[in-house]
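Student: Okay, here's the structure, questions in a sec.
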Amino acid sequence: MARNFLIVSLLLATFCLVVQAQTAITPKAPFTSKDVDLWKQMQARGRETQRQTPNVGTGEPFKVLGNLYSVGVPIGNSFLLTSPQGHILLNTGFAESAEAMGKNIETLGFKLSDIKLLVPTHWHNDGGGGTAYFKEKTGAPVLIGAADIAFLQAGGDGGNQKVPAVKVDRAIFNGDVITLGPLSIQAYTIPGHTPGSTSFSFKVREGNQDYTVFQYCCGQNIPENFSKDPNYSDAGMRHTFEVFRKVLPVDVYVSGPSSGFFLAERLAKYKAGDKLAFVDRSTFPAFAAWLEVEYENKKQ
Ligand SMILES: [Zn+2]
């Protein structure tokens with residue numbers, strides 16, 4: 001009797017698993033379930049790296065590709081895009097790390113006075129905390145997503161958002177192109193993490209080839225309380241996933257501090273002599289597919 005019960009239970013469990021597998025949410029084309037699986041594997045591999053990576057601090061500066069450099073916050077949160085006519089600082093890191101990040105930039109051989117635009121992806125401490133410091137040091141104008149202007153200008157000292165207030169000089173709207181000399185950055189506002197979170201797409205040249213870089217902002221998951229979070233909406237997420245398709249193919253994917261885990265892997269390869277270690281067209285679709293599935297699961 002007990003044996004029969006065991007067999008029936010096993011059959012039932014198998015049936016449930018099959019049904020679950022059949023109804024599992026899959027991402028829409030061109031993203032695939034394989035992409036989702038890849039991101040899950042990367043996350044699992046990266047958990048240990050993330051545990052070892054301090055949130056505040058600068059980390060070592062390094063060249064990513066072409067004229068793109070990682071300059072602060074381990075690993076890979078703030079980037080310097082350089083040109084003979086001046087540089088753009090994408091994210092200004094934590095207020096506490098700003099001075100060390102400035103030193104990182106000088107270690108790479110660049111002058112702070114050559115930074116001509118300060119462009120935080122969002123107003124939070126990790127993206128915009130160092131903006132006031134760098135504005136004072138460089139005199140460069142500050143550009144941020146229009147809906148984040150009030151927050152950055154007010155600053156904040158509550159919780160973990162230590163952000164010195166700073167005047168914003170120009171609003172970024174979805175689709176804007178930010179230019180400086182030969183540099184050209186396509187901006188996409190992707191509300192969610194903050195009302196004005198902005199992602200950037202641009203080309204860098206290495207050897208004789210152009211590569212598309214996508215810097216995503218921000219948040220590596222969908223909040224559990226999605227429907228109650230005032231920053232998130234179905235309309236905003238639909239826009240996000242439209243942007244994800246628009247920017248394909250992405251050769252180099254960089255993101256906030258949570259992307260440190262795969263950048264750390266790439267950096268190790270780079271140091272071992274692989275100059276194209278950060279080029280990988282599979283990483284961004286993996287993240288995008290996974291986020292889309294996360295959203296479908298959590299939106300109710
Ligand atoms: Zn943030």
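Ligands are numbered from 1 in the order shown, chains are lettered A, B, ... in the order of the structure tokens, and residues start at 1 in each chain.
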Taking only C-alpha atoms and all ligand atoms into account, report as a list in words which residues have an atom no farther than 10 Å from an atom of ligand 1.
Tutor: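 Taking only C-alpha atoms and all ligand atoms into account, the residues around ligand 1 at most 10 Å away are Thr121, His122, Trp123, His124, Asn125, Asp126, Gly127, Gly128, Gln161, His193, Thr194, Ser197, Cys217, Cys218, Gly219, Gly256 and Pro257 of chain A.
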Student: I want to know what sits within 12 Å of Gln153 (chain A), based on only C-alpha atoms, with residues of the same chain fewer than 3 positions away left out; could you give that as a PDB file with N, CA and C atoms, in the first residue's frame?
Tutor:
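File produced: part32.pdb:
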```pdb
ATOM      1  N   TRP A 123      20.355  59.519  -9.808  1.00  0.00           N
ATOM      2  CA  TRP A 123      20.784  60.422  -8.730  1.00  0.00           C
ATOM      3  C   TRP A 123      21.308  59.705  -7.492  1.00  0.00           C
ATOM      4  N   HIS A 124      21.088  58.412  -7.339  1.00  0.00           N
ATOM      5  CA  HIS A 124      21.484  57.690  -6.117  1.00  0.00           C
ATOM      6  C   HIS A 124      22.961  57.849  -5.777  1.00  0.00           C
ATOM      7  N   GLY A 128      25.369  58.970  -8.604  1.00  0.00           N
ATOM      8  CA  GLY A 128      25.511  60.427  -8.606  1.00  0.00           C
ATOM      9  C   GLY A 128      26.161  61.023  -7.378  1.00  0.00           C
ATOM     10  N   GLY A 129      26.584  60.173  -6.424  1.00  0.00           N
ATOM     11  CA  GLY A 129      27.117  60.669  -5.150  1.00  0.00           C
ATOM     12  C   GLY A 129      28.332  61.566  -5.293  1.00  0.00           C
ATOM     13  N   THR A 131      29.000  63.574  -7.817  1.00  0.00           N
ATOM     14  CA  THR A 131      28.791  64.630  -8.820  1.00  0.00           C
ATOM     15  C   THR A 131      29.230  66.001  -8.318  1.00  0.00           C
ATOM     16  N   ALA A 132      28.840  66.348  -7.075  1.00  0.00           N
ATOM     17  CA  ALA A 132      29.204  67.670  -6.533  1.00  0.00           C
ATOM     18  C   ALA A 132      30.725  67.803  -6.491  1.00  0.00           C
ATOM     19  N   VAL A 142      26.640  69.330 -15.462  1.00  0.00           N
ATOM     20  CA  VAL A 142      26.027  68.066 -15.042  1.00  0.00           C
ATOM     21  C   VAL A 142      24.778  67.816 -15.877  1.00  0.00           C
ATOM     22  N   LEU A 143      24.692  66.606 -16.434  1.00  0.00           N
ATOM     23  CA  LEU A 143      23.514  66.202 -17.211  1.00  0.00           C
ATOM     24  C   LEU A 143      22.903  64.986 -16.520  1.00  0.00           C
ATOM     25  N   ILE A 144      21.598  64.988 -16.360  1.00  0.00           N
ATOM     26  CA  ILE A 144      20.950  63.804 -15.766  1.00  0.00           C
ATOM     27  C   ILE A 144      19.532  63.695 -16.301  1.00  0.00           C
ATOM     28  N   ALA A 146      15.785  63.876 -16.857  1.00  0.00           N
ATOM     29  CA  ALA A 146      14.956  65.003 -16.403  1.00  0.00           C
ATOM     30  C   ALA A 146      14.244  64.711 -15.085  1.00  0.00           C
ATOM     31  N   ALA A 147      13.719  63.501 -14.945  1.00  0.00           N
ATOM     32  CA  ALA A 147      12.928  63.190 -13.750  1.00  0.00           C
ATOM     33  C   ALA A 147      13.784  62.996 -12.502  1.00  0.00           C
ATOM     34  N   ASP A 148      15.100  62.969 -12.644  1.00  0.00           N
ATOM     35  CA  ASP A 148      15.987  62.842 -11.480  1.00  0.00           C
ATOM     36  C   ASP A 148      16.580  64.183 -11.050  1.00  0.00           C
ATOM     37  N   ILE A 149      16.321  65.233 -11.812  1.00  0.00           N
ATOM     38  CA  ILE A 149      16.948  66.535 -11.525  1.00  0.00           C
ATOM     39  C   ILE A 149      16.629  67.009 -10.106  1.00  0.00           C
ATOM     40  N   ALA A 150      15.351  66.992  -9.751  1.00  0.00           N
ATOM     41  CA  ALA A 150      14.952  67.511  -8.438  1.00  0.00           C
ATOM     42  C   ALA A 150      15.659  66.757  -7.316  1.00  0.00           C
ATOM     43  N   GLY A 156      20.702  64.180  -0.681  1.00  0.00           N
ATOM     44  CA  GLY A 156      20.072  63.345   0.335  1.00  0.00           C
ATOM     45  C   GLY A 156      21.109  62.817   1.283  1.00  0.00           C
ATOM     46  N   VAL A 163      24.098  61.763  -0.793  1.00  0.00           N
ATOM     47  CA  VAL A 163      24.349  62.440  -2.072  1.00  0.00           C
ATOM     48  C   VAL A 163      24.407  63.949  -1.843  1.00  0.00           C
ATOM     49  N   PRO A 164      25.594  64.555  -1.939  1.00  0.00           N
ATOM     50  CA  PRO A 164      25.653  66.008  -1.805  1.00  0.00           C
ATOM     51  C   PRO A 164      24.842  66.679  -2.928  1.00  0.00           C
ATOM     52  N   ALA A 165      24.061  67.692  -2.551  1.00  0.00           N
ATOM     53  CA  ALA A 165      23.237  68.404  -3.543  1.00  0.00           C
ATOM     54  C   ALA A 165      24.128  69.110  -4.560  1.00  0.00           C
ATOM     55  N   VAL A 166      23.693  69.122  -5.802  1.00  0.00           N
ATOM     56  CA  VAL A 166      24.470  69.798  -6.844  1.00  0.00           C
ATOM     57  C   VAL A 166      23.521  70.308  -7.920  1.00  0.00           C
ATOM     58  N   LYS A 167      23.873  71.469  -8.487  1.00  0.00           N
ATOM     59  CA  LYS A 167      23.006  72.053  -9.522  1.00  0.00           C
ATOM     60  C   LYS A 167      23.172  71.281 -10.830  1.00  0.00           C
ATOM     61  N   VAL A 168      22.046  70.964 -11.441  1.00  0.00           N
ATOM     62  CA  VAL A 168      22.072  70.261 -12.736  1.00  0.00           C
ATOM     63  C   VAL A 168      22.010  71.305 -13.847  1.00  0.00           C
ATOM     64  N   ASP A 169      22.781  71.070 -14.917  1.00  0.00           N
ATOM     65  CA  ASP A 169      22.847  72.060 -15.997  1.00  0.00           C
ATOM     66  C   ASP A 169      21.996  71.712 -17.200  1.00  0.00           C
ATOM     67  N   ARG A 170      21.767  70.411 -17.409  1.00  0.00           N
ATOM     68  CA  ARG A 170      20.961  70.053 -18.574  1.00  0.00           C
ATOM     69  C   ARG A 170      20.167  68.776 -18.307  1.00  0.00           C
TER      70      ARG A 170
END
```
Student: Name all residues at most 12 Å from Lys137 (chain A) (count only C-alpha atoms; drop same-chain ones fewer than 2 positions away) and give them as a PyMOL selection string.
Tutor: chain A and resi 98-99+102-103+111-116+118+130-135+139-141
Student: Could those residues be written to a file, using C-alpha atoms, as a PDB file, in the first residue's frame?
Tutor:
```
ATOM      1  CA  ALA A  98      35.115  60.601  -5.269  1.00  0.00           C
ATOM      2  CA  GLU A  99      38.609  61.746  -4.323  1.00  0.00           C
ATOM      3  CA  GLY A 102      39.815  61.287  -9.240  1.00  0.00           C
ATOM      4  CA  LYS A 103      43.206  59.743  -8.448  1.00  0.00           C
ATOM      5  CA  LYS A 111      43.570  65.185 -16.289  1.00  0.00           C
ATOM      6  CA  LEU A 112      40.461  66.015 -14.276  1.00  0.00           C
ATOM      7  CA  SER A 113      40.401  69.396 -16.014  1.00  0.00           C
ATOM      8  CA  ASP A 114      39.831  67.585 -19.338  1.00  0.00           C
ATOM      9  CA  ILE A 115      36.514  66.133 -18.108  1.00  0.00           C
ATOM     10  CA  LYS A 116      33.918  68.240 -19.923  1.00  0.00           C
ATOM     11  CA  LEU A 118      29.424  64.795 -15.896  1.00  0.00           C
ATOM     12  CA  GLY A 130      30.392  62.098  -6.455  1.00  0.00           C
ATOM     13  CA  THR A 131      28.791  64.630  -8.820  1.00  0.00           C
ATOM     14  CA  ALA A 132      29.204  67.670  -6.533  1.00  0.00           C
ATOM     15  CA  TYR A 133      32.868  66.764  -5.975  1.00  0.00           C
ATOM     16  CA  PHE A 134      33.643  66.384  -9.669  1.00  0.00           C
ATOM     17  CA  LYS A 135      31.706  69.504 -10.618  1.00  0.00           C
ATOM     18  CA  GLY A 139      33.749  72.865 -13.651  1.00  0.00           C
ATOM     19  CA  ALA A 140      32.013  70.529 -16.108  1.00  0.00           C
ATOM     20  CA  PRO A 141      28.239  70.757 -16.552  1.00  0.00           C
TER      21      PRO A 141
END
```
Student: For the atom pair CA of Glu48 (chain A) and CA of Val254 (chain A), what is the interatomic distance in Å to one decimal place?
Tutor: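 A separation of 19.0 Å between them.
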Student: Counting only C-alpha atoms, what is within 12 Å of Val243 (chain A), bar same-chain residues fewer than 2 positions away, as a PyMOL selection string?
Tutor: chain A and resi 174-175+186-191+198-201+214+216-217+236-241+245-250+288
Student: Can those selected residues be exported to a file as a compact mmCIF listing (two decimals), in the first residue's frame so that it contains N, CA and C atoms?
Tutor:
```txt
# COMPACT_ATOMS: atom_id res chain seq x y z
N ASN A 174 14.54 60.97 -23.15
CA ASN A 174 14.70 59.73 -23.92
C ASN A 174 15.00 60.04 -25.39
N GLY A 175 16.05 59.40 -25.90
CA GLY A 175 16.40 59.59 -27.31
C GLY A 175 17.42 60.69 -27.55
N GLN A 186 24.12 57.90 -27.17
CA GLN A 186 22.65 57.83 -27.28
C GLN A 186 22.09 57.54 -25.89
N ALA A 187 21.16 58.40 -25.45
CA ALA A 187 20.60 58.22 -24.10
C ALA A 187 19.19 57.65 -24.17
N TYR A 188 18.90 56.71 -23.28
CA TYR A 188 17.56 56.14 -23.17
C TYR A 188 17.12 56.24 -21.71
N THR A 189 16.06 56.99 -21.47
CA THR A 189 15.58 57.01 -20.10
C THR A 189 14.72 55.76 -19.88
N ILE A 190 15.03 55.09 -18.78
CA ILE A 190 14.35 53.83 -18.46
C ILE A 190 13.85 53.93 -17.03
N PRO A 191 12.67 54.53 -16.83
CA PRO A 191 12.20 54.73 -15.46
C PRO A 191 11.99 53.40 -14.75
N THR A 198 18.77 56.54 -16.51
CA THR A 198 19.11 56.64 -17.92
C THR A 198 20.20 55.65 -18.30
N SER A 199 20.01 54.99 -19.43
CA SER A 199 21.01 54.05 -19.96
C SER A 199 21.66 54.69 -21.18
N PHE A 200 22.87 54.24 -21.49
CA PHE A 200 23.61 54.85 -22.59
C PHE A 200 24.12 53.81 -23.57
N SER A 201 24.06 54.18 -24.84
CA SER A 201 24.61 53.32 -25.88
C SER A 201 25.58 54.15 -26.70
N PHE A 214 26.81 49.15 -24.18
CA PHE A 214 25.54 49.54 -23.55
C PHE A 214 25.75 49.58 -22.05
N TYR A 216 23.77 49.99 -18.82
CA TYR A 216 22.39 49.91 -18.35
C TYR A 216 22.24 50.50 -16.97
N CYS A 217 21.22 51.27 -16.80
CA CYS A 217 20.88 51.75 -15.47
C CYS A 217 19.41 51.50 -15.20
N GLY A 236 6.32 51.65 -18.30
CA GLY A 236 7.77 51.87 -18.19
C GLY A 236 8.55 50.62 -18.55
N MET A 237 8.05 49.47 -18.11
CA MET A 237 8.76 48.22 -18.40
C MET A 237 8.67 47.88 -19.89
N ARG A 238 7.52 48.16 -20.49
CA ARG A 238 7.40 47.90 -21.94
C ARG A 238 8.42 48.75 -22.70
N HIS A 239 8.58 50.00 -22.25
CA HIS A 239 9.57 50.89 -22.87
C HIS A 239 10.98 50.31 -22.68
N THR A 240 11.24 49.83 -21.46
CA THR A 240 12.55 49.23 -21.17
C THR A 240 12.86 48.10 -22.15
N PHE A 241 11.88 47.22 -22.33
CA PHE A 241 12.14 46.06 -23.20
C PHE A 241 12.21 46.45 -24.68
N ARG A 245 15.67 45.88 -27.15
CA ARG A 245 15.70 45.34 -28.51
C ARG A 245 16.36 46.32 -29.48
N LYS A 246 16.14 47.61 -29.21
CA LYS A 246 16.67 48.65 -30.09
C LYS A 246 18.20 48.69 -30.07
N VAL A 247 18.79 48.42 -28.90
CA VAL A 247 20.24 48.60 -28.78
C VAL A 247 21.04 47.39 -29.26
N LEU A 248 20.37 46.30 -29.59
CA LEU A 248 21.06 45.09 -30.05
C LEU A 248 21.75 45.34 -31.39
N PRO A 249 22.86 44.69 -31.71
CA PRO A 249 23.61 43.82 -30.82
C PRO A 249 24.56 44.62 -29.92
N VAL A 250 24.67 44.21 -28.69
CA VAL A 250 25.55 44.88 -27.73
C VAL A 250 26.84 44.06 -27.62
N ALA A 288 18.91 40.69 -20.42
CA ALA A 288 17.63 41.23 -20.90
C ALA A 288 16.53 40.17 -20.86
```
Student: Residues of region 131-268 of chain A in strand (DSSP E) according to DSSP, as a PyMOL selection string?
Tutor: chain A and resi 143-145+170-172+177-180+183-189+198-206+209-215+252-254
Student: How many Å separate CA of Ser33 (chain A) from CA of Glu292 (chain A)?
Tutor: 10.7 Å
Student: Which of these, A:Gly145, A:Pro61, A:Gly155, A:Pro30, has the shortest distance to Gly109 (chain A) once you count only C-alpha atoms?
Tutor: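 Checking each candidate against Gly109 (chain A), we get A:Pro61 as the closest.
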Student: Any chance you could list, as a VMD selection string, the residues in region 28-249 of chain A that come up helix (DSSP H, G or I) when DSSP is run on the backbone?
Tutor: chain A and resid 33 to 52 95 to 107 112 to 114 125 to 128 131 to 138 146 to 154 226 to 228 234 to 246
Student: Could you give me, as number ranges by chain, the residues within 8 Å of region 68-78 of chain A, counting only C-alpha atoms and dropping anything in the same chain fewer than 4 positions from it?
Tutor: A: 53-64, 82, 89-94, 97, 101, 104-105, 126-127, 204, 254-257, 259-261, 263-264
Student: Using only C-alpha atoms, can you tell me which of A:Glu224, A:Glu136, A:Asp251, A:Glu96 comes closest to Glu294 (chain A)?
Tutor: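 The answer is A:Glu224, which sits nearest to Glu294 (chain A).
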Student: Choose the residue, out of A:Val177, A:Ala171, A:Asn221, A:Asn208, that has the smallest atom-to-atom separation from Val293 (chain A); count only C-alpha atoms.
Tutor: A:Asn221
